[in-house]
Amino acid sequence: MSGVVTPMLLITGISEANHFYNTGAVDVKILVAGGIATGLLALIAEIPGVAPVAAGIAWIGVVASLIAPVQSPSPAQNLLKITGGL
């Protein structure tokens, strides 16, 4: 189960931190949605043979949450701005 929970908590943390950096306010909806998604994926991962697939989906989600511009600016853009990158 921890193979799914860790990346899902990372996604929730990345999304919340990016929202807080962009707006200066905590969004409880992100935390609740992340908790629900983590719980559902952990339940699905308990089906025999599905755990590696669920873990793969979760880790792909971590990469996508960093790169995809769902929030404007995306976490990757904010990291570049903070570190003085491109």
# chains A, B, ... in the order shown; residues from 1 in each chain; ligands from 1

call {"tool": "residues_around", "arguments": {"residues": "segment 58-62 of chain A", "least_positions_apart": "2", "cutoff": "9 Å", "atoms": "only C-alpha atoms", "output": "list of chain:residue names"}}
result
A:Gly3, A:Val4, A:Val5, A:Thr6, A:Pro7, A:Met8, A:Leu10, A:Ile11, A:Ile14, A:Leu41, A:Val53, A:Ala54, A:Ala55, A:Gly56, A:Ala64, A:Ser65, A:Leu66, A:Ile67

call {"tool": "closest_residue", "arguments": {"among": "A:Leu9, A:Ala42, A:Val26, A:Asn18", "to": "Ser72 of chain A", "atoms": "only C-alpha atoms"}}
result
A:Asn18

call {"tool": "closest_residue", "arguments": {"among": "A:Ala76, A:Ile57, A:Ile47, A:Ile36", "to": "Ser15 of chain A", "atoms": "only C-alpha atoms"}}
result
A:Ala76

call {"tool": "select_by_dssp", "arguments": {"residues": "chain A", "states": "alpha helix (DSSP H)", "output": "number ranges by chain"}}
result
A: 2-23, 28-45, 51-67, 75-83

call {"tool": "closest_residue", "arguments": {"among": "A:Leu43, A:Ile82, A:Ala68, A:Ala37", "to": "Thr12 of chain A", "atoms": "only C-alpha atoms"}}
result
A:Ala37

call {"tool": "atom_distance", "arguments": {"atom1": "atom CA of Val50 of chain A", "atom2": "atom CA of Val32 of chain A"}}
result
24.4 Å

call {"tool": "atom_distance", "arguments": {"atom1": "atom CA of His19 of chain A", "atom2": "atom CA of Thr38 of chain A"}}
result
19.0 Å

call {"tool": "atom_distance", "arguments": {"atom1": "atom CA of Gly13 of chain A", "atom2": "atom CA of Ala45 of chain A"}}
result
20.9 Å

call {"tool": "closest_residue", "arguments": {"among": "A:Val28, A:Gly34, A:Tyr21, A:Pro69", "to": "Lys81 of chain A", "atoms": "only C-alpha atoms"}}
result
A:Tyr21
